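Trainee: First the structure, then my questions, so here it is.
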Amino acid sequence: MRFSENVALLLAAAGARVAADTGELGDAIVVQDNPVGVVYKAVLPEEAWFKPAYPGGGNIQGEVVATAAADGVGVTFTIRLSNLPKEGGPFPYHLHVDPVPSDGNCTKTLAHLDPFIRGEATPCDPEQPATCQVGDLSGKWGDIIPDENGTFEQTYTDLYASTKEGIGAFFGNRSIVVHFPNKTRITCANFFQVEAGDEGDYSSASETSTLTPTLLPTTFETETQTFGIQTTGPEPDAPVATTLPNNVSFTGGSPAAPTNTGELAGSAANLKASFAGVVVLGAAAVALLI
């Protein structure tokens, strides 16, 4: 009995670990239809967000270039950095959900890009990259470890990030953040689209995104009429006509129906009198003919 209980506990623990190692929406999906030839770049600013990392001023220098793979499967990232901090490494880095605001505040980029809701409580397993957060690039490909000159360069193809607009793995309107191991954010930069062939030209970089924001539905103004609502669309239905007594006539405008029984009685009396007059005239005409 004790043995079976231990086995059950082990299986439960194993199941819990598997659940923690993947997202609530399952593993990340390999993106196979990235638009070929699309290139995004993020250039780090001149000054670090975390000033104590550079007491005399300055920042990590360099860029991250992301190009859709030639066959559309995945994205090739090239990281070229210099002037990395001499102490405190290695340095994790990630794609973050929001862009860097105009004040350069890296904390406002929010959390890692994580469309499958994996979370980061359990470290990424680089041998199972589909179970990692899409934005956890260093978890899948290794932290930034500067050489003796304070530089770092790496190129790899990540199958789960995307340059295709409109899906959760798209990062072209997001940011990249470099951290200390304790998660303190050193610096950050926005991605922006560049022309193919312009990947390595720092001087040509512009931090203004070329993406067109998604338009929200237009709020239509309406005008209340006595017969309903008129919008900028098709004309409204015409008002329903009211049936009136035959002796009621109008010389213009919309007719108004009698509003009380007195008016209706008066109309009936007038009609009866008119009919009597016609009968008298008819009798006189017959007498003349005789």
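Numbering starts fresh at 1 for the residues of each chain in the structure tokens, the chains themselves are lettered A, B, ... in the order given, and ligands are numbered from 1 as they appear.
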Near A:Phe171, counting only C-alpha atoms, which residues have an atom at most 9 Å away, once you skip same-chain residues fewer than 4 positions from it, shown as a ChimeraX atom specification?
Mentor: /A:40,95-97,113,135,161-165,175,191
Trainee: Those same residues - N, CA and C atoms - I'd like them written as a PDB file, in the first residue's frame.
Mentor:
```
ATOM      1  N   TYR A  40      13.256  43.290 -39.164  1.00  0.00           N
ATOM      2  CA  TYR A  40      13.058  44.203 -38.040  1.00  0.00           C
ATOM      3  C   TYR A  40      14.375  44.375 -37.297  1.00  0.00           C
ATOM      4  N   LEU A  95      12.260  39.176 -25.511  1.00  0.00           N
ATOM      5  CA  LEU A  95      11.247  39.980 -26.187  1.00  0.00           C
ATOM      6  C   LEU A  95      10.166  40.295 -25.156  1.00  0.00           C
ATOM      7  N   HIS A  96       9.776  41.569 -25.078  1.00  0.00           N
ATOM      8  CA  HIS A  96       8.751  41.969 -24.115  1.00  0.00           C
ATOM      9  C   HIS A  96       7.471  42.401 -24.823  1.00  0.00           C
ATOM     10  N   VAL A  97       6.377  42.356 -24.075  1.00  0.00           N
ATOM     11  CA  VAL A  97       5.042  42.541 -24.652  1.00  0.00           C
ATOM     12  C   VAL A  97       4.837  43.937 -25.229  1.00  0.00           C
ATOM     13  N   LEU A 113       7.166  38.266 -23.825  1.00  0.00           N
ATOM     14  CA  LEU A 113       6.184  37.857 -24.830  1.00  0.00           C
ATOM     15  C   LEU A 113       5.838  36.389 -24.594  1.00  0.00           C
ATOM     16  N   GLY A 135       9.058  34.708 -26.054  1.00  0.00           N
ATOM     17  CA  GLY A 135      10.003  35.813 -25.922  1.00  0.00           C
ATOM     18  C   GLY A 135      11.256  35.517 -25.133  1.00  0.00           C
ATOM     19  N   ALA A 161       9.126  32.619 -32.782  1.00  0.00           N
ATOM     20  CA  ALA A 161       8.872  34.051 -32.925  1.00  0.00           C
ATOM     21  C   ALA A 161       8.427  34.318 -34.362  1.00  0.00           C
ATOM     22  N   SER A 162       7.803  35.474 -34.581  1.00  0.00           N
ATOM     23  CA  SER A 162       7.232  35.709 -35.906  1.00  0.00           C
ATOM     24  C   SER A 162       7.310  37.167 -36.341  1.00  0.00           C
ATOM     25  N   THR A 163       7.497  37.347 -37.652  1.00  0.00           N
ATOM     26  CA  THR A 163       7.408  38.670 -38.275  1.00  0.00           C
ATOM     27  C   THR A 163       6.065  38.849 -38.975  1.00  0.00           C
ATOM     28  N   LYS A 164       5.134  37.965 -38.702  1.00  0.00           N
ATOM     29  CA  LYS A 164       3.800  38.030 -39.318  1.00  0.00           C
ATOM     30  C   LYS A 164       2.862  38.799 -38.401  1.00  0.00           C
ATOM     31  N   GLU A 165       2.377  39.926 -38.892  1.00  0.00           N
ATOM     32  CA  GLU A 165       1.483  40.750 -38.081  1.00  0.00           C
ATOM     33  C   GLU A 165       0.173  40.022 -37.784  1.00  0.00           C
ATOM     34  N   SER A 175       9.315  45.078 -27.995  1.00  0.00           N
ATOM     35  CA  SER A 175      10.640  45.548 -27.585  1.00  0.00           C
ATOM     36  C   SER A 175      11.517  44.388 -27.146  1.00  0.00           C
ATOM     37  N   PHE A 191      11.602  47.460 -31.589  1.00  0.00           N
ATOM     38  CA  PHE A 191      11.833  46.967 -32.942  1.00  0.00           C
ATOM     39  C   PHE A 191      11.151  47.908 -33.933  1.00  0.00           C
TER      40      PHE A 191
END
```
Trainee: Can you list every residue in stretch 58-176 of chain A that DSSP puts in alpha helix (DSSP H), as a list in words?
Mentor: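 Across stretch 58-176 of chain A, those assigned alpha helix (DSSP H) are Leu137, Ser138, Gly139, Lys140 and Trp141 of chain A.
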Trainee: For A:Thr107, which of A:Asp136, A:Gly26, A:Lys183, A:Val194 is the closest residue, counting only C-alpha atoms?
Mentor: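 Distance minimum relative to A:Thr107 lands on A:Lys183.
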Trainee: Can you tell me, as a CSV table (one decimal) with N, CA and C atoms, in the first residue's frame, what residues are no more than 8 Å from A:Asp27 when counting only C-alpha atoms, ignoring any on the same chain fewer than 6 positions away?
Mentor:
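Result file follows (part.csv):
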```csv
chain,number,residue,atom,x,y,z
A,116,PHE,N,1.3,31.9,-25.2
A,116,PHE,CA,0.8,30.6,-24.8
A,116,PHE,C,0.6,30.5,-23.2
A,130,ALA,N,9.9,24.5,-27.5
A,130,ALA,CA,8.5,24.7,-27.7
A,130,ALA,C,7.8,24.9,-26.3
A,131,THR,N,8.4,24.4,-25.3
A,131,THR,CA,7.7,24.6,-23.9
A,131,THR,C,8.1,25.9,-23.3
A,132,CYS,N,9.0,26.7,-23.9
A,132,CYS,CA,9.5,28.0,-23.3
A,132,CYS,C,8.6,29.1,-23.8
```
Trainee: Which residues of stretch 39-75 of chain A come within 12 Å of stretch 137-149 of chain A, and what is each one's closest atom pair and distance in Å (one decimal), counting only C-alpha atoms, sorted by chain and residue number, as JSON lines?
Mentor:
```
{"residue": "A:Ile60", "atom": "CA", "partner": "A:Pro146", "partner_atom": "CA", "distance": 11.0}
{"residue": "A:Val64", "atom": "CA", "partner": "A:Leu137", "partner_atom": "CA", "distance": 11.6}
{"residue": "A:Val75", "atom": "CA", "partner": "A:Leu137", "partner_atom": "CA", "distance": 11.6}
```
Trainee: Just C-alpha atoms for this one: save the residues we selected as a compact mmCIF listing (two decimals), in the first residue's frame.
Mentor:
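Just written: out-v5.txt:
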```txt
# COMPACT_ATOMS: atom_id res chain seq x y z
CA ILE A 60 25.45 48.65 -24.02
CA VAL A 64 19.35 43.04 -32.64
CA VAL A 75 13.04 34.06 -37.66
```
Trainee: So, with only C-alpha atoms as the atoms that count, which of A:Thr109, A:Thr122, A:Thr151, A:Thr157 lies closest to A:Ile176?
Mentor: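 Checking each candidate against A:Ile176, we get A:Thr109 as the closest.
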Trainee: Which residues, written as a PyMOL selection string, have at least one atom at most 10 Å from A:Gly88, with only C-alpha atoms counted and residues fewer than 6 positions away on the same chain left out?
Mentor: chain A and resi 53+179-182
Trainee: Please indicate the distance in Å from atom CA of A:Pro35 to atom CA of A:Tyr93, rounded to one decimal place.
Mentor: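 About the pair atom CA of A:Pro35 and atom CA of A:Tyr93: they are 24.8 Å apart.
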Trainee: Which residue, A:Gly58, A:Pro52, A:Pro115, A:Gly74, has the smallest gap to A:Asp33 when you use only C-alpha atoms?
Mentor: A:Gly74
Trainee: Quote the spacing between atom CA of A:Asn83 and atom CA of A:Cys106 in Å to one decimal place.
Mentor: 19.1 Å
Trainee: Mind giving me the straight-line distance from atom CA of A:Leu159 to atom CA of A:Pro90 in Å, one decimal?
Mentor: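 Value for the atom CA of A:Leu159-atom CA of A:Pro90 distance: 24.0 Å.
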Trainee: Taking 3 positions as the minimum chain separation for residues in the same chain, which residues sit within 9 Å of A:Ala196 when counting only C-alpha atoms? Answer as number ranges by chain.
Mentor: A: 37-39, 67, 199
